[in-house]
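Q: My structure is stored as structure-v6.pdb, with PDB, C-alpha atoms and all ligand atoms.
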```pdb
ATOM      1  CA  MET A  22      49.538 264.765 -48.254
ATOM      2  CA  LEU A  23      50.471 267.529 -50.712
ATOM      3  CA  CYS A  24      48.926 270.648 -49.152
ATOM      4  CA  LEU A  25      46.050 268.962 -47.315
ATOM      5  CA  VAL A  26      45.718 269.864 -43.642
ATOM      6  CA  SER A  27      43.023 267.359 -42.709
ATOM      7  CA  PRO A  28      43.524 263.670 -43.541
ATOM      8  CA  THR A  29      40.495 261.702 -44.656
ATOM      9  CA  ASP A  30      38.630 259.920 -41.887
ATOM     10  CA  PRO A  31      39.357 256.145 -42.044
ATOM     11  CA  ALA A  32      35.565 255.590 -42.111
ATOM     12  CA  TRP A  33      35.553 257.007 -45.655
ATOM     13  CA  VAL A  34      37.712 254.090 -46.849
ATOM     14  CA  ALA A  35      35.230 251.582 -45.423
ATOM     15  CA  HIS A  36      32.333 253.331 -47.197
ATOM     16  CA  ALA A  37      34.293 253.482 -50.467
ATOM     17  CA  LEU A  38      35.320 249.822 -50.408
ATOM     18  CA  GLY A  39      31.825 248.846 -49.331
ATOM     19  CA  ASP A  40      30.331 250.293 -52.514
ATOM     20  CA  LEU A  41      32.963 250.462 -55.260
ATOM     21  CA  GLY A  42      30.223 250.814 -57.884
ATOM     22  CA  ALA A  43      28.944 254.025 -56.287
ATOM     23  CA  LEU A  44      32.517 255.269 -55.943
ATOM     24  CA  LEU A  45      33.196 254.627 -59.635
ATOM     25  CA  ILE A  46      30.001 256.408 -60.672
ATOM     26  CA  ASP A  47      30.927 259.460 -58.597
ATOM     27  CA  HIS A  48      34.471 259.219 -59.888
ATOM     28  CA  ALA A  49      33.272 259.390 -63.512
ATOM     29  CA  HIS A  50      31.395 262.608 -62.751
ATOM     30  CA  CYS A  51      34.518 264.022 -61.058
ATOM     31  CA  GLU A  52      36.666 263.368 -64.121
ATOM     32  CA  MET A  53      34.183 265.113 -66.420
ATOM     33  CA  LYS A  54      33.975 268.082 -64.034
ATOM     34  CA  ALA A  55      37.771 268.252 -63.849
ATOM     35  CA  ALA A  56      37.982 268.353 -67.652
ATOM     36  CA  SER A  57      35.221 270.927 -68.086
ATOM     37  CA  ASN A  58      36.548 273.133 -65.294
ATOM     38  CA  ALA A  59      40.024 273.171 -66.873
ATOM     39  CA  LEU A  60      38.534 273.991 -70.285
ATOM     40  CA  SER A  61      36.344 276.757 -68.890
ATOM     41  CA  LEU A  62      39.346 278.354 -67.179
ATOM     42  CA  ALA A  63      41.376 278.102 -70.394
ATOM     43  CA  ALA A  64      38.528 279.650 -72.400
ATOM     44  CA  ARG A  65      38.262 282.575 -69.979
ATOM     45  CA  HIS A  66      41.962 283.443 -70.290
ATOM     46  CA  PRO A  67      42.890 283.051 -73.968
ATOM     47  CA  GLU A  68      45.573 285.741 -73.585
ATOM     48  CA  ARG A  69      47.587 283.467 -71.271
ATOM     49  CA  VAL A  70      49.072 281.021 -73.769
ATOM     50  CA  ASP A  71      51.017 278.955 -71.214
ATOM     51  CA  LEU A  72      47.909 278.577 -69.074
ATOM     52  CA  VAL A  73      45.752 277.625 -72.096
ATOM     53  CA  LEU A  74      48.239 274.958 -73.186
ATOM     54  CA  ALA A  75      48.704 273.520 -69.690
ATOM     55  CA  LEU A  76      44.977 273.398 -68.941
ATOM     56  CA  THR A  77      43.968 271.920 -72.281
ATOM     57  CA  ASP A  78      46.635 269.223 -71.807
ATOM     58  CA  LEU A  79      45.231 268.574 -68.340
ATOM     59  CA  ALA A  80      41.659 268.454 -69.705
ATOM     60  CA  LYS A  81      42.737 265.854 -72.297
ATOM     61  CA  GLU A  82      44.071 263.660 -69.495
ATOM     62  CA  GLU A  83      40.887 264.095 -67.453
ATOM     63  CA  LEU A  84      38.779 263.120 -70.475
ATOM     64  CA  ASP A  85      40.924 260.034 -70.947
ATOM     65  CA  HIS A  86      40.294 259.147 -67.283
ATOM     66  CA  TYR A  87      36.599 259.797 -67.801
ATOM     67  CA  GLN A  88      36.425 257.432 -70.776
ATOM     68  CA  ARG A  89      38.279 254.745 -68.867
ATOM     69  CA  VAL A  90      35.941 255.000 -65.867
ATOM     70  CA  VAL A  91      32.913 254.937 -68.190
ATOM     71  CA  ARG A  92      34.254 251.735 -69.776
ATOM     72  CA  MET A  93      34.778 250.207 -66.330
ATOM     73  CA  LEU A  94      31.206 251.096 -65.394
ATOM     74  CA  ALA A  95      29.882 249.511 -68.587
ATOM     75  CA  SER A  96      31.890 246.342 -68.021
ATOM     76  CA  ARG A  97      30.325 246.090 -64.540
ATOM     77  CA  GLY A  98      26.824 246.681 -65.847
ATOM     78  CA  LEU A  99      26.619 250.013 -64.017
ATOM     79  CA  VAL A 100      24.791 253.014 -65.430
ATOM     80  CA  LEU A 101      26.080 256.563 -65.150
ATOM     81  CA  GLY A 102      23.187 258.900 -64.435
ATOM     82  CA  THR A 103      23.153 262.674 -64.406
ATOM     83  CA  PRO A 104      25.671 264.236 -62.028
ATOM     84  CA  PRO A 105      24.415 265.109 -58.538
ATOM     85  CA  VAL A 106      25.024 268.567 -57.041
ATOM     86  CA  ASP A 107      28.705 268.763 -56.170
ATOM     87  CA  GLU A 108      28.471 269.889 -52.529
ATOM     88  CA  TYR A 109      32.233 269.741 -52.049
ATOM     89  CA  ALA A 110      33.153 272.011 -54.971
ATOM     90  CA  ALA A 111      30.256 274.366 -54.195
ATOM     91  CA  ALA A 112      31.399 274.662 -50.564
ATOM     92  CA  LEU A 113      34.966 275.324 -51.688
ATOM     93  CA  ARG A 114      33.826 278.126 -53.992
ATOM     94  CA  ARG A 115      31.715 279.643 -51.194
ATOM     95  CA  ALA A 116      34.636 279.393 -48.770
ATOM     96  CA  ALA A 117      36.842 281.287 -51.201
ATOM     97  CA  HIS A 118      34.493 284.256 -50.799
ATOM     98  CA  GLU A 119      34.894 284.347 -47.014
ATOM     99  CA  LYS A 120      37.109 286.989 -45.436
ATOM    100  CA  SER A 121      40.754 286.357 -46.316
ATOM    101  CA  VAL A 122      44.072 287.029 -44.599
ATOM    102  CA  ILE A 123      45.285 288.276 -47.994
ATOM    103  CA  PRO A 124      45.164 292.073 -48.170
ATOM    104  CA  GLY A 125      42.905 293.135 -51.029
ATOM    105  CA  PRO A 126      40.548 290.716 -52.796
ATOM    106  CA  PRO A 127      42.377 287.566 -53.971
ATOM    107  CA  SER A 128      42.269 287.302 -57.769
ATOM    108  CA  SER A 129      39.509 285.027 -58.976
ATOM    109  CA  LEU A 130      41.921 283.357 -61.412
ATOM    110  CA  VAL A 131      44.355 282.524 -58.599
ATOM    111  CA  ASP A 132      41.509 281.256 -56.437
ATOM    112  CA  ARG A 133      40.048 279.077 -59.175
ATOM    113  CA  LEU A 134      43.480 277.587 -59.851
ATOM    114  CA  LEU A 135      44.073 276.932 -56.153
ATOM    115  CA  ILE A 136      40.633 275.363 -55.737
ATOM    116  CA  GLY A 137      41.551 273.136 -58.689
ATOM    117  CA  ALA A 138      44.804 272.263 -56.905
ATOM    118  CA  LEU A 139      42.965 271.312 -53.706
ATOM    119  CA  ILE A 140      40.456 269.126 -55.548
ATOM    120  CA  GLU A 141      43.346 267.314 -57.250
ATOM    121  CA  ALA A 142      45.137 266.902 -53.908
ATOM    122  CA  ARG A 143      42.066 265.360 -52.267
ATOM    123  CA  SER A 144      41.500 263.001 -55.227
ATOM    124  CA  CYS A 145      45.154 261.991 -55.046
ATOM    125  CA  GLU A 146      44.932 261.241 -51.309
ATOM    126  CA  ARG A 147      41.763 259.179 -51.707
ATOM    127  CA  PHE A 148      42.905 257.113 -54.692
ATOM    128  CA  LYS A 149      45.951 256.161 -52.627
ATOM    129  CA  LEU A 150      43.753 255.246 -49.657
ATOM    130  CA  VAL A 151      41.701 252.911 -51.854
ATOM    131  CA  VAL A 152      44.835 251.300 -53.325
ATOM    132  CA  ASP A 153      46.311 250.739 -49.863
ATOM    133  CA  ALA A 154      43.068 249.337 -48.465
ATOM    134  CA  LEU A 155      42.268 246.874 -51.266
ATOM    135  CA  PRO A 156      43.257 243.375 -50.139
ATOM    136  CA  GLU A 157      45.968 241.743 -52.268
ATOM    137  CA  GLY A 158      44.503 240.143 -55.408
ATOM    138  CA  VAL A 159      41.151 241.954 -55.086
ATOM    139  CA  GLU A 160      40.126 244.308 -57.929
ATOM    140  CA  PRO A 161      43.532 244.215 -59.678
ATOM    141  CA  GLU A 162      42.312 246.377 -62.578
ATOM    142  CA  LEU A 163      40.991 249.053 -60.228
ATOM    143  CA  ARG A 164      44.137 248.931 -58.126
ATOM    144  CA  ALA A 165      46.353 249.480 -61.194
ATOM    145  CA  PHE A 166      44.127 252.300 -62.436
ATOM    146  CA  TYR A 167      44.022 254.107 -59.091
ATOM    147  CA  THR A 168      47.765 253.678 -58.633
ATOM    148  CA  GLU A 169      48.236 255.463 -61.962
ATOM    149  CA  LEU A 170      45.675 258.152 -61.077
ATOM    150  CA  PHE A 171      47.271 258.803 -57.700
ATOM    151  CA  ALA A 172      50.473 259.906 -59.464
ATOM    152  CA  CYS A 173      48.546 261.789 -62.119
ATOM    153  CA  GLU A 174      46.475 263.826 -59.641
ATOM    154  CA  ALA A 175      49.640 264.734 -57.725
ATOM    155  CA  ARG A 176      51.049 266.109 -60.978
ATOM    156  CA  HIS A 177      47.816 268.007 -61.668
ATOM    157  CA  PHE A 178      48.012 269.533 -58.186
ATOM    158  CA  ARG A 179      51.477 270.837 -59.030
ATOM    159  CA  THR A 180      50.312 272.166 -62.420
ATOM    160  CA  TYR A 181      47.539 274.209 -60.789
ATOM    161  CA  VAL A 182      49.842 275.654 -58.121
ATOM    162  CA  ASP A 183      52.487 276.515 -60.724
ATOM    163  CA  LEU A 184      49.854 278.221 -62.898
ATOM    164  CA  ALA A 185      48.609 280.217 -59.898
ATOM    165  CA  LYS A 186      52.161 281.398 -59.238
ATOM    166  CA  ALA A 187      52.683 282.260 -62.895
ATOM    167  CA  ALA A 188      49.446 284.281 -62.842
ATOM    168  CA  THR A 189      50.789 286.695 -60.222
ATOM    169  CA  ASP A 190      54.127 288.245 -59.361
ATOM    170  CA  ASP A 191      53.617 287.377 -55.686
ATOM    171  CA  GLU A 192      54.454 283.707 -55.079
ATOM    172  CA  ARG A 193      54.322 284.100 -51.292
ATOM    173  CA  MET A 194      50.770 285.364 -51.554
ATOM    174  CA  VAL A 195      49.864 282.188 -53.489
ATOM    175  CA  ASP A 196      51.424 280.002 -50.780
ATOM    176  CA  THR A 197      49.570 281.924 -48.064
ATOM    177  CA  ARG A 198      46.288 281.741 -49.936
ATOM    178  CA  LEU A 199      46.726 278.018 -50.650
ATOM    179  CA  ALA A 200      47.312 277.358 -46.946
ATOM    180  CA  GLU A 201      44.243 279.416 -46.090
ATOM    181  CA  LEU A 202      42.040 277.587 -48.603
ATOM    182  CA  ALA A 203      43.475 274.230 -47.459
ATOM    183  CA  GLU A 204      42.252 274.972 -43.908
ATOM    184  CA  LYS A 205      38.790 275.670 -45.280
ATOM    185  CA  GLU A 206      38.913 272.528 -47.450
ATOM    186  CA  GLY A 207      39.743 270.438 -44.373
ATOM    187  CA  ARG A 208      36.726 271.860 -42.552
ATOM    188  CA  ILE A 209      34.485 271.160 -45.565
ATOM    189  CA  VAL A 210      35.658 267.547 -45.817
ATOM    190  CA  ARG A 211      35.054 266.982 -42.101
ATOM    191  CA  ASP A 212      31.575 268.531 -42.325
ATOM    192  CA  LEU A 213      30.641 266.444 -45.375
ATOM    193  CA  ALA A 214      31.864 263.274 -43.663
ATOM    194  CA  GLU A 215      29.484 263.976 -40.779
ATOM    195  CA  GLN A 216      26.547 264.542 -43.127
ATOM    196  CA  SER A 217      26.919 261.569 -45.447
ATOM    197  CA  THR A 218      28.272 258.040 -45.629
ATOM    198  CA  ARG A 219      27.903 257.765 -49.417
ATOM    199  CA  ALA A 220      30.880 256.412 -51.359
ATOM    200  CA  THR A 221      31.964 259.562 -53.186
ATOM    201  CA  VAL A 222      35.431 260.750 -54.182
ATOM    202  CA  HIS A 223      35.226 264.039 -52.274
ATOM    203  CA  GLY A 224      32.221 263.753 -49.946
TER     204      GLY A 224
HETATM  205 FE    FE B   1      41.600 262.658 -63.422
HETATM  206 FE    FE B   2      43.268 265.462 -62.220
END
```
Could you render the structure as structure tokens?
A:
Amino acid sequence: MLCLVSPTDPAWVAHALGDLGALLIDHAHCEMKAASNALSLAARHPERVDLVLALTDLAKEELDHYQRVVRMLASRGLVLGTPPVDEYAAALRRAAHEKSVIPGPPSSLVDRLLIGALIEARSCERFKLVVDALPEGVEPELRAFYTELFACEARHFRTYVDLAKAATDDERMVDTRLAELAEKEGRIVRDLAEQSTRATVHG
């Protein structure tokens, strides 16, 4: 799906459906991180007006998702605690510092945008997996929400890739780097799946 090279293990779907409350709690944290990451990137590059406008628009959408998940948690009597360490995002950032096939150090802006794209792609894939796995008539509100988010995250993926291409005059380099980071992301997802059976969006 999108640029992902490693599909999610079907066992993840069973864990997610087995504990939708835990999934929703992790999901809320993901939306807040998506918003704050977009805002921090925009704040670091105020000279890039197109990037600032695109990322602040994206952050507004992520905050809207966050509020909606928080409301769903409240209606289920679930409490959102402090966010746990995000092993997935941390591993992605570490992987971006590994040796690259790109000659010269890849720009940190391009890498941050492409990591954002990969996170969106994985969210998109997993929301669709949940929608497809929910039995007909079960959790209709969640199904409708995740169907909407699936399309939204696909659009966010495209926004990040487009911004990465606009940030450099070498579009082929961006494609090569995205493919390289996607390989690493696939490895990270497989490793995390072996380490944990928690219902998390990216673990
Ligand atoms: Fe979102
Ligand atoms: Fe998103």
Q: Carefully work through the PyMOL selection byres (((chain A and resi 173) around 12) and not hetatm) for this structure and note down the residues it includes, as a list in words.
A: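 For this structure, the PyMOL selection byres (((chain A and resi 173) around 12) and not hetatm) resolves to Leu79, Glu82, Glu83, Asp85, His86, Glu141, Ala142, Ser144, Cys145, Glu146, Phe148, Lys149, Phe166, Tyr167, Thr168, Glu169, Leu170, Phe171, Ala172, Glu174, Ala175, Arg176, His177, Phe178, Arg179 and Thr180 of chain A.
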Q: Selection from above, C-alpha atoms, as a JSON list (two decimals), in the frame of the given file, can you write it?
A:
```json
[["chain", "number", "residue", "atom", "x", "y", "z"],
["A", 79, "LEU", "CA", 45.23, 268.57, -68.34],
["A", 82, "GLU", "CA", 44.07, 263.66, -69.50],
["A", 83, "GLU", "CA", 40.89, 264.10, -67.45],
["A", 85, "ASP", "CA", 40.92, 260.03, -70.95],
["A", 86, "HIS", "CA", 40.29, 259.15, -67.28],
["A", 141, "GLU", "CA", 43.35, 267.31, -57.25],
["A", 142, "ALA", "CA", 45.14, 266.90, -53.91],
["A", 144, "SER", "CA", 41.50, 263.00, -55.23],
["A", 145, "CYS", "CA", 45.15, 261.99, -55.05],
["A", 146, "GLU", "CA", 44.93, 261.24, -51.31],
["A", 148, "PHE", "CA", 42.90, 257.11, -54.69],
["A", 149, "LYS", "CA", 45.95, 256.16, -52.63],
["A", 166, "PHE", "CA", 44.13, 252.30, -62.44],
["A", 167, "TYR", "CA", 44.02, 254.11, -59.09],
["A", 168, "THR", "CA", 47.76, 253.68, -58.63],
["A", 169, "GLU", "CA", 48.24, 255.46, -61.96],
["A", 170, "LEU", "CA", 45.68, 258.15, -61.08],
["A", 171, "PHE", "CA", 47.27, 258.80, -57.70],
["A", 172, "ALA", "CA", 50.47, 259.91, -59.46],
["A", 174, "GLU", "CA", 46.48, 263.83, -59.64],
["A", 175, "ALA", "CA", 49.64, 264.73, -57.72],
["A", 176, "ARG", "CA", 51.05, 266.11, -60.98],
["A", 177, "HIS", "CA", 47.82, 268.01, -61.67],
["A", 178, "PHE", "CA", 48.01, 269.53, -58.19],
["A", 179, "ARG", "CA", 51.48, 270.84, -59.03],
["A", 180, "THR", "CA", 50.31, 272.17, -62.42]]
```
Q: Do you have the atom CA of Glu162 of chain A-atom CA of Leu41 of chain A distance handy?
A: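 Distance reported for this atom pair: 12.6 Å.
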Q: Residues picked by the PyMOL selection byres (((chain A and resi 103) around 12) and not hetatm) here, as a list in words?
A: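 Expected selection for the PyMOL selection byres (((chain A and resi 103) around 12) and not hetatm) here is Ile46, Asp47, Ala49, His50, Cys51, Met53, Val100, Leu101, Gly102, Pro104, Pro105, Val106 and Asp107 of chain A.
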Q: Would you list the contacts of segment 118-135 of chain A as a list in words, taking every protein, DNA or RNA residue within 8 Å and counting all atoms listed in the file, but skipping same-chain residues closer than 4 positions in sequence?
A: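 My reading of the contact set: Arg114, Leu139, Tyr181, Val182, Leu184, Ala185, Lys186, Ala188, Thr189, Met194, Val195, Thr197, Arg198, Leu199, Glu201 and Leu202 of chain A.
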Q: I'd like to know which of A:Lys81, A:Ile136, A:Glu192, A:Arg89 is closest to Ala112 of chain A, using all atoms listed in the file.
A: A:Ile136
Q: Suppose you want the space between atom FE of ligand FE 1 (chain B) and atom CA of Arg193 of chain A; what is it in Å?
A: 27.7 Å
Q: Between atom CA of Ala32 of chain A and atom CA of Val90 of chain A, what is the spacing in Å?
A: 23.8 Å
Q: Run through the PyMOL selection byres (((chain A and resi 57-66) around 9) and not hetatm) on the given coordinates and return the selected residues as a PDB file with C-alpha atoms, in the frame of the given file.
A:
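Result written to out10.pdb:
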```pdb
ATOM      1  CA  GLU A  52      36.666 263.368 -64.121  1.00  0.00           C
ATOM      2  CA  MET A  53      34.183 265.113 -66.420  1.00  0.00           C
ATOM      3  CA  LYS A  54      33.975 268.082 -64.034  1.00  0.00           C
ATOM      4  CA  ALA A  55      37.771 268.252 -63.849  1.00  0.00           C
ATOM      5  CA  ALA A  56      37.982 268.353 -67.652  1.00  0.00           C
ATOM      6  CA  PRO A  67      42.890 283.051 -73.968  1.00  0.00           C
ATOM      7  CA  GLU A  68      45.573 285.741 -73.585  1.00  0.00           C
ATOM      8  CA  ARG A  69      47.587 283.467 -71.271  1.00  0.00           C
ATOM      9  CA  VAL A  70      49.072 281.021 -73.769  1.00  0.00           C
ATOM     10  CA  LEU A  72      47.909 278.577 -69.074  1.00  0.00           C
ATOM     11  CA  VAL A  73      45.752 277.625 -72.096  1.00  0.00           C
ATOM     12  CA  LEU A  74      48.239 274.958 -73.186  1.00  0.00           C
ATOM     13  CA  ALA A  75      48.704 273.520 -69.690  1.00  0.00           C
ATOM     14  CA  LEU A  76      44.977 273.398 -68.941  1.00  0.00           C
ATOM     15  CA  THR A  77      43.968 271.920 -72.281  1.00  0.00           C
ATOM     16  CA  LEU A  79      45.231 268.574 -68.340  1.00  0.00           C
ATOM     17  CA  ALA A  80      41.659 268.454 -69.705  1.00  0.00           C
ATOM     18  CA  GLU A  83      40.887 264.095 -67.453  1.00  0.00           C
ATOM     19  CA  LEU A  84      38.779 263.120 -70.475  1.00  0.00           C
ATOM     20  CA  LEU A 130      41.921 283.357 -61.412  1.00  0.00           C
ATOM     21  CA  ARG A 133      40.048 279.077 -59.175  1.00  0.00           C
ATOM     22  CA  LEU A 134      43.480 277.587 -59.851  1.00  0.00           C
ATOM     23  CA  GLY A 137      41.551 273.136 -58.689  1.00  0.00           C
TER      24      GLY A 137
END
```
Q: May I ask which of the residues A:Arg164, A:Arg143, A:Arg219, A:Arg211 is the closest one to Cys24 of chain A, counting all atoms listed in the file?
A: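 Going through A:Arg164, A:Arg143, A:Arg219, A:Arg211 one by one, the smallest distance to Cys24 of chain A is for A:Arg143.
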Q: Counting only C-alpha atoms, figure out which residue out of A:Glu215, A:Glu160, A:Ala43, A:Val222 gets nearest to Arg147 of chain A.
A: A:Val222
